[in-house]
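Student: My structure is stored as start-v7.txt, with compact mmCIF, C-alpha atoms.
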```
# COMPACT_ATOMS: atom_id res chain seq x y z
CA MET A 649 -94.11 29.79 -39.16
CA GLY A 650 -91.08 31.07 -41.08
CA VAL A 651 -90.83 27.81 -43.04
CA LEU A 652 -94.53 27.96 -43.96
CA ILE A 653 -94.28 31.59 -45.08
CA GLY A 654 -91.20 30.80 -47.16
CA LEU A 655 -92.92 27.88 -48.90
CA VAL A 656 -96.01 29.95 -49.66
CA VAL A 657 -93.87 32.75 -51.12
CA ALA A 658 -91.75 30.34 -53.21
CA ILE A 659 -94.62 28.27 -54.61
CA GLY A 660 -96.88 31.28 -55.00
CA SER A 661 -94.22 33.19 -56.95
CA LEU A 662 -93.61 30.18 -59.17
CA ILE A 663 -97.27 29.59 -60.01
CA SER A 664 -98.26 33.24 -60.39
CA GLY A 665 -95.24 34.03 -62.56
CA TYR A 666 -95.82 30.98 -64.77
CA VAL A 667 -99.52 31.76 -65.22
CA ALA A 668 -98.76 35.45 -65.90
CA MET A 669 -96.44 34.34 -68.73
CA GLY A 670 -99.35 32.48 -70.28
CA GLY A 671 -98.33 29.02 -69.08
CA HIS A 672 -100.82 26.25 -68.37
CA LEU A 673 -100.61 24.65 -64.94
CA ALA A 674 -101.73 21.31 -66.31
CA VAL A 675 -98.46 21.04 -68.22
CA ILE A 676 -96.26 21.21 -65.13
CA TRP A 677 -98.53 18.94 -63.10
CA GLN A 678 -96.85 15.64 -63.94
CA PRO A 679 -97.24 13.58 -60.72
CA TRP A 680 -95.33 10.55 -62.00
CA GLU A 681 -92.30 12.72 -62.77
CA TYR A 682 -92.34 13.89 -59.16
CA VAL A 683 -92.84 10.33 -57.93
CA MET A 684 -89.78 9.16 -59.86
CA ILE A 685 -87.54 12.01 -58.73
CA CYS A 686 -88.55 12.00 -55.07
CA GLY A 687 -88.71 8.21 -54.88
CA ILE A 688 -85.20 7.78 -56.27
CA ALA A 689 -83.94 10.51 -53.92
CA VAL A 690 -85.45 8.81 -50.86
CA GLY A 691 -84.23 5.39 -51.95
CA THR A 692 -80.64 6.50 -52.52
CA PHE A 693 -80.72 8.45 -49.25
CA ILE A 694 -81.66 5.27 -47.38
CA VAL A 695 -78.96 3.29 -49.20
CA ALA A 696 -76.26 5.88 -48.45
CA ASN A 697 -76.96 6.35 -44.74
CA PRO A 698 -77.30 4.04 -41.73
CA MET A 699 -80.81 3.73 -40.35
CA PRO A 700 -80.08 5.69 -37.12
CA LEU A 701 -78.98 8.64 -39.27
CA VAL A 702 -82.06 8.31 -41.46
CA LYS A 703 -84.26 8.53 -38.35
CA ASP A 704 -82.19 11.39 -36.91
CA THR A 705 -82.53 13.29 -40.17
CA GLY A 706 -86.30 12.99 -39.89
CA ARG A 707 -86.16 14.31 -36.33
CA ALA A 708 -83.82 17.11 -37.35
CA ALA A 709 -86.13 18.15 -40.19
CA LEU A 710 -89.13 18.30 -37.83
CA GLU A 711 -87.11 20.28 -35.29
CA ALA A 712 -86.06 22.73 -38.00
CA ILE A 713 -89.61 23.15 -39.30
CA LYS A 714 -90.97 23.69 -35.79
CA GLY A 715 -88.08 26.00 -34.83
CA LYS A 716 -87.18 23.82 -31.86
CA VAL A 717 -84.27 25.81 -30.46
CA PRO A 718 -83.49 26.96 -26.90
CA LYS A 719 -85.31 30.15 -26.03
CA ARG A 720 -84.78 32.71 -23.26
CA ASP A 721 -86.74 30.73 -20.63
CA HIS A 722 -84.72 27.60 -21.32
CA TYR A 723 -81.46 29.51 -20.98
CA LEU A 724 -82.69 30.94 -17.70
CA SER A 725 -83.45 27.42 -16.51
CA ILE A 726 -79.95 26.25 -17.42
CA LEU A 727 -78.33 29.19 -15.65
CA GLY A 728 -80.59 28.75 -12.63
CA LEU A 729 -79.75 25.06 -12.37
CA LEU A 730 -76.03 25.76 -12.70
CA TYR A 731 -76.21 28.39 -9.98
CA ALA A 732 -78.08 26.09 -7.61
CA LEU A 733 -75.72 23.20 -8.32
CA LEU A 734 -72.56 25.29 -7.97
CA ARG A 735 -73.86 26.69 -4.72
CA GLU A 736 -74.30 23.14 -3.46
CA LEU A 737 -70.77 22.28 -4.59
CA LYS A 738 -69.39 25.25 -2.71
CA ASN A 739 -71.34 24.96 0.53
CA LYS A 740 -72.33 21.32 1.01
CA PRO A 741 -70.31 18.18 1.79
CA ARG A 742 -69.48 15.78 -1.02
CA ASN A 743 -72.03 13.09 -0.09
CA GLU A 744 -74.94 15.57 -0.22
CA VAL A 745 -73.91 16.88 -3.64
CA GLU A 746 -73.41 13.37 -5.00
CA SER A 747 -77.04 12.56 -4.29
CA HIS A 748 -78.04 15.21 -6.84
CA ILE A 749 -75.73 14.10 -9.65
CA ASP A 750 -76.09 10.35 -9.09
CA ALA A 751 -79.89 10.48 -9.40
CA PRO A 752 -80.86 13.77 -11.10
CA GLY A 753 -84.40 12.51 -11.63
CA GLU A 754 -84.85 12.40 -7.85
CA SER A 755 -82.95 15.62 -7.12
CA ASP A 756 -84.91 18.64 -5.96
CA ILE A 757 -82.48 20.85 -7.88
CA PHE A 758 -82.93 19.12 -11.23
CA ARG A 759 -86.65 18.59 -10.75
CA SER A 760 -87.02 22.35 -10.33
CA PHE A 761 -85.90 22.73 -13.93
CA PRO A 762 -87.92 20.18 -15.96
CA SER A 763 -86.87 21.61 -19.33
CA VAL A 764 -83.25 20.79 -18.49
CA LEU A 765 -84.04 17.46 -16.84
CA ASN A 766 -86.01 16.36 -19.92
CA ASP A 767 -82.88 16.85 -22.03
CA LYS A 768 -81.15 13.60 -21.07
CA ASP A 769 -77.93 14.37 -22.94
CA LEU A 770 -77.51 17.79 -21.35
CA THR A 771 -78.34 16.44 -17.89
CA LEU A 772 -75.75 13.69 -18.30
CA PHE A 773 -73.19 16.25 -19.49
CA ILE A 774 -73.74 18.42 -16.41
CA CYS A 775 -73.66 15.48 -14.00
CA ASP A 776 -70.53 13.94 -15.51
CA TYR A 777 -68.47 17.08 -15.12
CA ALA A 778 -69.93 17.98 -11.75
CA ARG A 779 -68.75 14.54 -10.63
CA LEU A 780 -65.24 15.27 -11.92
CA ILE A 781 -65.26 18.55 -10.01
CA ILE A 782 -66.20 16.70 -6.82
CA ILE A 783 -63.34 14.23 -7.28
CA GLY A 784 -61.04 17.21 -7.32
CA ASN A 785 -57.94 15.63 -8.88
CA ALA A 786 -58.32 17.02 -12.41
CA ARG A 787 -57.03 20.49 -13.22
CA PRO A 788 -59.30 23.07 -14.92
CA HIS A 789 -57.43 23.07 -18.24
CA GLU A 790 -57.67 19.28 -18.40
CA ILE A 791 -61.42 19.34 -17.80
CA GLU A 792 -61.81 22.14 -20.34
CA ALA A 793 -59.95 20.14 -23.00
CA LEU A 794 -62.13 17.11 -22.25
CA MET A 795 -65.28 19.23 -22.52
CA GLU A 796 -64.19 20.71 -25.84
CA GLU A 797 -63.52 17.25 -27.21
CA GLU A 798 -66.95 16.01 -26.18
CA ILE A 799 -68.69 19.13 -27.50
CA GLY A 800 -66.82 18.74 -30.79
CA THR A 801 -68.04 15.14 -31.02
CA LEU A 802 -71.61 16.24 -30.30
CA LYS A 803 -71.42 18.90 -33.00
CA ARG A 804 -70.14 16.42 -35.57
CA ASP A 805 -72.82 13.88 -34.70
CA ARG A 806 -75.62 16.42 -34.75
CA SER A 807 -74.49 17.99 -38.02
CA LYS A 808 -74.70 14.69 -39.93
CA PRO A 809 -78.35 15.27 -40.98
CA TYR A 810 -77.27 18.53 -42.60
CA TYR A 811 -74.63 16.80 -44.72
CA SER A 812 -76.97 13.96 -45.67
CA LEU A 813 -79.71 16.38 -46.78
CA ASN A 814 -77.17 18.52 -48.61
CA THR A 815 -76.03 15.46 -50.56
CA VAL A 816 -79.62 14.78 -51.60
CA ALA A 817 -80.02 18.42 -52.68
CA GLU A 818 -76.90 18.17 -54.84
CA ALA A 819 -78.17 14.96 -56.48
CA LEU A 820 -81.72 16.13 -57.24
CA PRO A 821 -80.94 18.14 -60.41
CA ALA A 822 -79.29 15.02 -61.88
CA LEU A 823 -82.26 12.90 -60.83
CA GLY A 824 -84.49 15.40 -62.60
CA ILE A 825 -82.47 14.82 -65.76
CA VAL A 826 -82.98 11.07 -65.34
CA ALA A 827 -86.75 11.60 -65.21
CA ALA A 828 -86.56 13.94 -68.18
CA VAL A 829 -84.61 11.39 -70.23
CA LEU A 830 -87.24 8.75 -69.50
CA GLY A 831 -89.89 11.24 -70.62
CA ILE A 832 -88.00 11.85 -73.85
CA VAL A 833 -87.78 8.10 -74.41
CA LYS A 834 -91.54 7.94 -74.01
CA ALA A 835 -91.97 10.84 -76.44
CA LEU A 836 -89.75 9.18 -79.05
CA GLY A 837 -91.91 6.10 -78.81
CA ALA A 838 -94.75 8.26 -80.10
CA ILE A 839 -92.77 9.90 -82.90
CA ASP A 840 -95.45 8.95 -85.40
CA GLN A 841 -98.10 10.96 -83.55
CA SER A 842 -99.24 14.47 -84.43
CA PRO A 843 -97.05 17.46 -83.48
CA THR A 844 -99.60 18.46 -80.84
CA ILE A 845 -99.36 15.14 -79.00
CA LEU A 846 -95.59 14.90 -79.49
CA GLY A 847 -95.08 18.45 -78.23
CA GLY A 848 -97.12 17.69 -75.11
CA LEU A 849 -95.02 14.60 -74.39
CA ILE A 850 -91.75 16.53 -74.78
CA ALA A 851 -93.03 19.32 -72.54
CA SER A 852 -94.03 16.77 -69.91
CA ALA A 853 -90.56 15.23 -70.10
CA LEU A 854 -88.84 18.59 -69.52
CA VAL A 855 -90.86 19.01 -66.34
CA GLY A 856 -88.51 16.45 -64.79
CA THR A 857 -85.51 18.77 -65.20
CA PHE A 858 -87.49 21.66 -63.77
CA ALA A 859 -88.75 19.61 -60.83
CA GLY A 860 -85.29 18.29 -59.88
CA ILE A 861 -83.77 21.77 -59.84
CA PHE A 862 -86.73 23.39 -58.10
CA ILE A 863 -87.04 20.77 -55.34
CA SER A 864 -83.29 20.91 -54.77
CA TYR A 865 -82.82 24.66 -54.49
CA ALA A 866 -86.24 25.69 -53.19
CA PHE A 867 -86.88 22.90 -50.66
CA ILE A 868 -84.13 20.48 -49.70
CA SER A 869 -81.15 22.84 -49.69
CA PRO A 870 -82.91 25.51 -47.56
CA LEU A 871 -84.17 22.75 -45.25
CA ALA A 872 -80.62 21.43 -44.86
CA ASN A 873 -79.38 24.91 -43.90
CA LYS A 874 -82.27 25.27 -41.47
CA VAL A 875 -81.32 21.93 -39.89
CA LYS A 876 -77.72 23.08 -39.56
CA ALA A 877 -78.67 26.35 -37.86
CA THR A 878 -81.13 24.58 -35.54
CA ARG A 879 -78.65 21.92 -34.45
CA GLU A 880 -75.92 24.53 -33.88
CA LYS A 881 -78.23 26.47 -31.56
CA GLN A 882 -79.14 23.27 -29.71
CA THR A 883 -75.50 22.36 -29.07
CA ARG A 884 -74.70 25.86 -27.89
CA VAL A 885 -76.13 25.01 -24.47
CA TYR A 886 -73.15 22.71 -23.84
CA VAL A 887 -70.75 25.60 -24.37
CA ILE A 888 -72.67 27.63 -21.80
CA VAL A 889 -72.40 24.83 -19.25
CA LYS A 890 -68.69 24.46 -20.02
CA GLN A 891 -68.01 28.17 -19.52
CA ALA A 892 -69.78 28.24 -16.16
CA LEU A 893 -68.17 25.07 -14.76
CA ILE A 894 -64.66 26.03 -15.87
CA ALA A 895 -65.06 29.50 -14.35
CA TYR A 896 -66.12 27.87 -11.08
CA MET A 897 -63.13 25.52 -11.16
CA ASN A 898 -60.87 28.53 -11.65
CA GLY A 899 -62.18 30.05 -8.41
CA ALA A 900 -65.16 32.14 -9.47
CA LEU A 901 -68.15 32.41 -7.14
CA PRO A 902 -71.33 30.68 -8.36
CA GLN A 903 -72.94 33.97 -9.40
CA ILE A 904 -69.85 35.02 -11.36
CA ALA A 905 -69.48 31.56 -12.91
CA VAL A 906 -73.08 31.75 -14.15
CA GLU A 907 -72.28 35.12 -15.71
CA HIS A 908 -69.49 33.45 -17.69
CA GLY A 909 -72.12 31.08 -19.05
CA ARG A 910 -74.57 33.89 -19.80
CA LYS A 911 -72.05 35.61 -22.04
CA GLY A 912 -72.02 32.55 -24.29
CA ILE A 913 -75.72 32.93 -25.14
CA SER A 914 -76.68 34.47 -28.48
CA VAL A 915 -77.76 38.11 -28.14
CA GLU A 916 -81.14 37.17 -29.61
CA TYR A 917 -82.04 35.04 -26.57
CA ARG A 918 -79.56 36.21 -23.93
CA PRO A 919 -81.32 37.18 -20.68
CA THR A 920 -80.12 40.33 -18.98
CA ILE A 921 -77.92 40.14 -15.92
CA ASP A 922 -80.85 41.43 -13.84
CA GLU A 923 -83.09 38.62 -15.11
CA VAL A 924 -80.46 36.03 -14.25
CA GLU A 925 -79.94 37.56 -10.82
CA ALA A 926 -83.68 37.59 -10.17
CA ALA A 927 -83.94 33.97 -11.30
CA THR A 928 -81.04 32.75 -9.18
CA THR A 929 -82.00 34.66 -6.07
CA THR A 930 -85.48 33.08 -6.19
CA GLY A 931 -83.97 29.64 -6.49
CA GLY A 932 -83.43 29.81 -10.22
CA ARG A 933 -87.01 28.92 -11.16
CA PRO A 934 -88.29 30.94 -14.14
CA GLU A 935 -91.84 30.91 -12.80
CA ASP A 936 -90.65 32.33 -9.47
CA MET A 937 -88.71 34.98 -11.33
CA LYS A 938 -91.87 36.05 -13.17
CA GLU A 939 -93.77 36.28 -9.88
CA ALA A 940 -90.95 38.34 -8.37
CA ALA A 941 -91.10 40.72 -11.35
```
Translate the structure described by the file into structure tokens.
Tutor:
Amino acid sequence: MGVLIGLVVAIGSLISGYVAMGGHLAVIWQPWEYVMICGIAVGTFIVANPMPLVKDTGRAALEAIKGKVPKRDHYLSILGLLYALLRELKNKPRNEVESHIDAPGESDIFRSFPSVLNDKDLTLFICDYARLIIIGNARPHEIEALMEEEIGTLKRDRSKPYYSLNTVAEALPALGIVAAVLGIVKALGAIDQSPTILGGLIASALVGTFAGIFISYAFISPLANKVKATREKQTRVYVIVKQALIAYMNGALPQIAVEHGRKGISVEYRPTIDEVEAATTTGGRPEDMKEAA
């Protein structure tokens, strides 16, 4: 919704201001200028990036537009799953706990939290480090260093769409000049025409410069920043898992370890300690928590 409102405000301000100045909309409606600028931008983007990154950039853009970031219920699910899993680690023998992390899709614990189970990367992250905890030979600071390295790798991988879009945004003003130059070339080819026709051709050519700058700073650059913020919020869940597991390895009880994870959640979506306690005492299921409330 925020993206849509922003686009309406930006385009509406542009059109209304231009018309109020006495401008004619037909002059700035030069579809082939836009085709050239956007087509060259897309083509060079594909040339500059491997196909997996091109596809991931498309996914990242859709996620940013839809605002696909973890919300309060998802954080409650993560904390509830961690509490249930840590409780199993503390109270159950190794073979019973291994059944949960070896086949999370068949585990009652993981199946109770479908939003977490559907995130394959996060589920694998939790299971991998729970397995290391079960083995018991690694020390907490070693596991923490390993987690930080993996989270750093995830952040770098997931921030690549931001850098690729930012590169396109930086190139668009220059691509607008390319389109404008071609328009000027066209205008010079009609130098023998009347001033009215020649003036219209020159005005049409200058639309290319306008379009490159406007698309860059009003669309692609803000979208790139939105992608960056969205991906940063998505990777934050790994930090929460890390905080809880490391606290448990350092001797904290499951409830206290979950509180370590809760403190890593942004204030905007952070559930209260009472909400987390209600969720974990009812088995960690958000729907059960709502019924209990």
Student: Please write as a PDB file with C-alpha atoms, keeping the file's coordinate frame the list of polymer residues whose atoms come within 9 Å of (-72.8, 18.8, -15.7), counting all atoms listed in the file and keeping to the coordinates of the file.
Tutor:
```pdb
ATOM      1  CA  LEU A 730     -76.030  25.760 -12.700  1.00  0.00           C
ATOM      2  CA  ILE A 749     -75.730  14.100  -9.650  1.00  0.00           C
ATOM      3  CA  LEU A 770     -77.510  17.790 -21.350  1.00  0.00           C
ATOM      4  CA  THR A 771     -78.340  16.440 -17.890  1.00  0.00           C
ATOM      5  CA  LEU A 772     -75.750  13.690 -18.300  1.00  0.00           C
ATOM      6  CA  PHE A 773     -73.190  16.250 -19.490  1.00  0.00           C
ATOM      7  CA  ILE A 774     -73.740  18.420 -16.410  1.00  0.00           C
ATOM      8  CA  CYS A 775     -73.660  15.480 -14.000  1.00  0.00           C
ATOM      9  CA  ASP A 776     -70.530  13.940 -15.510  1.00  0.00           C
ATOM     10  CA  TYR A 777     -68.470  17.080 -15.120  1.00  0.00           C
ATOM     11  CA  ALA A 778     -69.930  17.980 -11.750  1.00  0.00           C
ATOM     12  CA  ARG A 779     -68.750  14.540 -10.630  1.00  0.00           C
ATOM     13  CA  VAL A 889     -72.400  24.830 -19.250  1.00  0.00           C
ATOM     14  CA  LYS A 890     -68.690  24.460 -20.020  1.00  0.00           C
ATOM     15  CA  LEU A 893     -68.170  25.070 -14.760  1.00  0.00           C
TER      16      LEU A 893
END
```
Student: So how far away is CA of Ala712 in chain A from CA of Pro700 in chain A, in Å?
Tutor: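 Between CA of Pro700 in chain A and CA of Ala712 in chain A the gap is 18.1 Å.
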Student: Nearest residue to Lys911 in chain A out of A:Ile659, A:Leu727, A:Val924, A:Ile888, using all atoms listed in the file?
Tutor: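 Residue with the minimum atom-to-atom distance to Lys911 in chain A: A:Ile888.
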Student: Which residues are near Val829 in chain A? Cut-off 9 Å, all atoms listed in the file, ignore same chain within fewer than 3 positions. Put them as a PyMOL selection string.
Tutor: chain A and resi 824-826+832-834+853-854+856-857
Student: Excluding same-chain residues fewer than 2 positions from range 874-879 of chain A, what lies within 8 Å of it counting all atoms listed in the file, as a PyMOL selection string?
Tutor: chain A and resi 708-709+711-713+715-717+803+806-807+809-810+870-872+881-883
Student: Write out as a tab-separated table a residue-level contact list of range 818-920 of chain A versus range 685-696 of chain A with cut-off 8 Å: for each qualifying residue the closest pair of atoms and the distance in Å to one decimal, counting all atoms listed in the file, rows sorted by chain and residue number upward.
Tutor:
```
residue	atom	partner	partner_atom	distance
A:Ala819	CA	A:Ala689	CA	7.7
A:Leu820	CA	A:Ala689	CA	6.9
A:Leu823	CA	A:Ile685	CA	5.8
A:Gly824	CA	A:Ile685	CA	6.0
A:Ala827	CA	A:Ile685	CA	6.5
A:Gly856	CA	A:Ile685	CA	7.6
A:Ala859	CA	A:Ile685	CA	8.0
A:Gly860	CA	A:Ile685	CA	6.8
```
Student: In the coordinates of the file, take the point (-77.2, 36.3, -28.0) and a cut-off of 12 Å; then, counting only C-alpha atoms, name each qualifying protein, DNA or RNA residue as a count of residues only.
Tutor: 20
Student: Looking at A:Gly660, A:Pro679, A:Gly706, A:Gly728, which one is nearest to Glu923 in chain A, with distances taken over only C-alpha atoms?
Tutor: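 With only C-alpha atoms as the atom set, the closest residue is A:Gly728.
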Student: Which one of A:Ile782, A:Ser852, A:Pro788, A:Ser763 sits closest to Asp750 in chain A if you count all atoms listed in the file?
Tutor: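 Smallest distance to Asp750 in chain A is found for A:Ile782.
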Student: Would you work out the distance separating CA of Pro741 in chain A from CA of Ile783 in chain A, expressed in Å to one decimal?
Tutor: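 If I compute the distance from CA of Pro741 in chain A to CA of Ile783 in chain A, I get 12.1 Å.
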Student: Set the distance at 10 Å and use all atoms listed in the file: which residues neighbour Met897 in chain A once local chain neighbours fewer than 4 positions away are removed? I'd like the list as a PDB file with C-alpha atoms, in the frame of the given file.
Tutor:
```
ATOM      1  CA  LEU A 734     -72.560  25.290  -7.970  1.00  0.00           C
ATOM      2  CA  ILE A 781     -65.260  18.550 -10.010  1.00  0.00           C
ATOM      3  CA  GLY A 784     -61.040  17.210  -7.320  1.00  0.00           C
ATOM      4  CA  ALA A 786     -58.320  17.020 -12.410  1.00  0.00           C
ATOM      5  CA  ARG A 787     -57.030  20.490 -13.220  1.00  0.00           C
ATOM      6  CA  PRO A 788     -59.300  23.070 -14.920  1.00  0.00           C
ATOM      7  CA  HIS A 789     -57.430  23.070 -18.240  1.00  0.00           C
ATOM      8  CA  ILE A 791     -61.420  19.340 -17.800  1.00  0.00           C
ATOM      9  CA  GLU A 792     -61.810  22.140 -20.340  1.00  0.00           C
ATOM     10  CA  ALA A 892     -69.780  28.240 -16.160  1.00  0.00           C
ATOM     11  CA  LEU A 893     -68.170  25.070 -14.760  1.00  0.00           C
ATOM     12  CA  LEU A 901     -68.150  32.410  -7.140  1.00  0.00           C
ATOM     13  CA  ALA A 905     -69.480  31.560 -12.910  1.00  0.00           C
TER      14      ALA A 905
END
```
Student: Nearest residue to Val656 in chain A out of A:Phe867, A:Tyr886, A:Glu798, A:Phe858, using only C-alpha atoms?
Tutor: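 With only C-alpha atoms as the atom set, the closest residue is A:Phe867.
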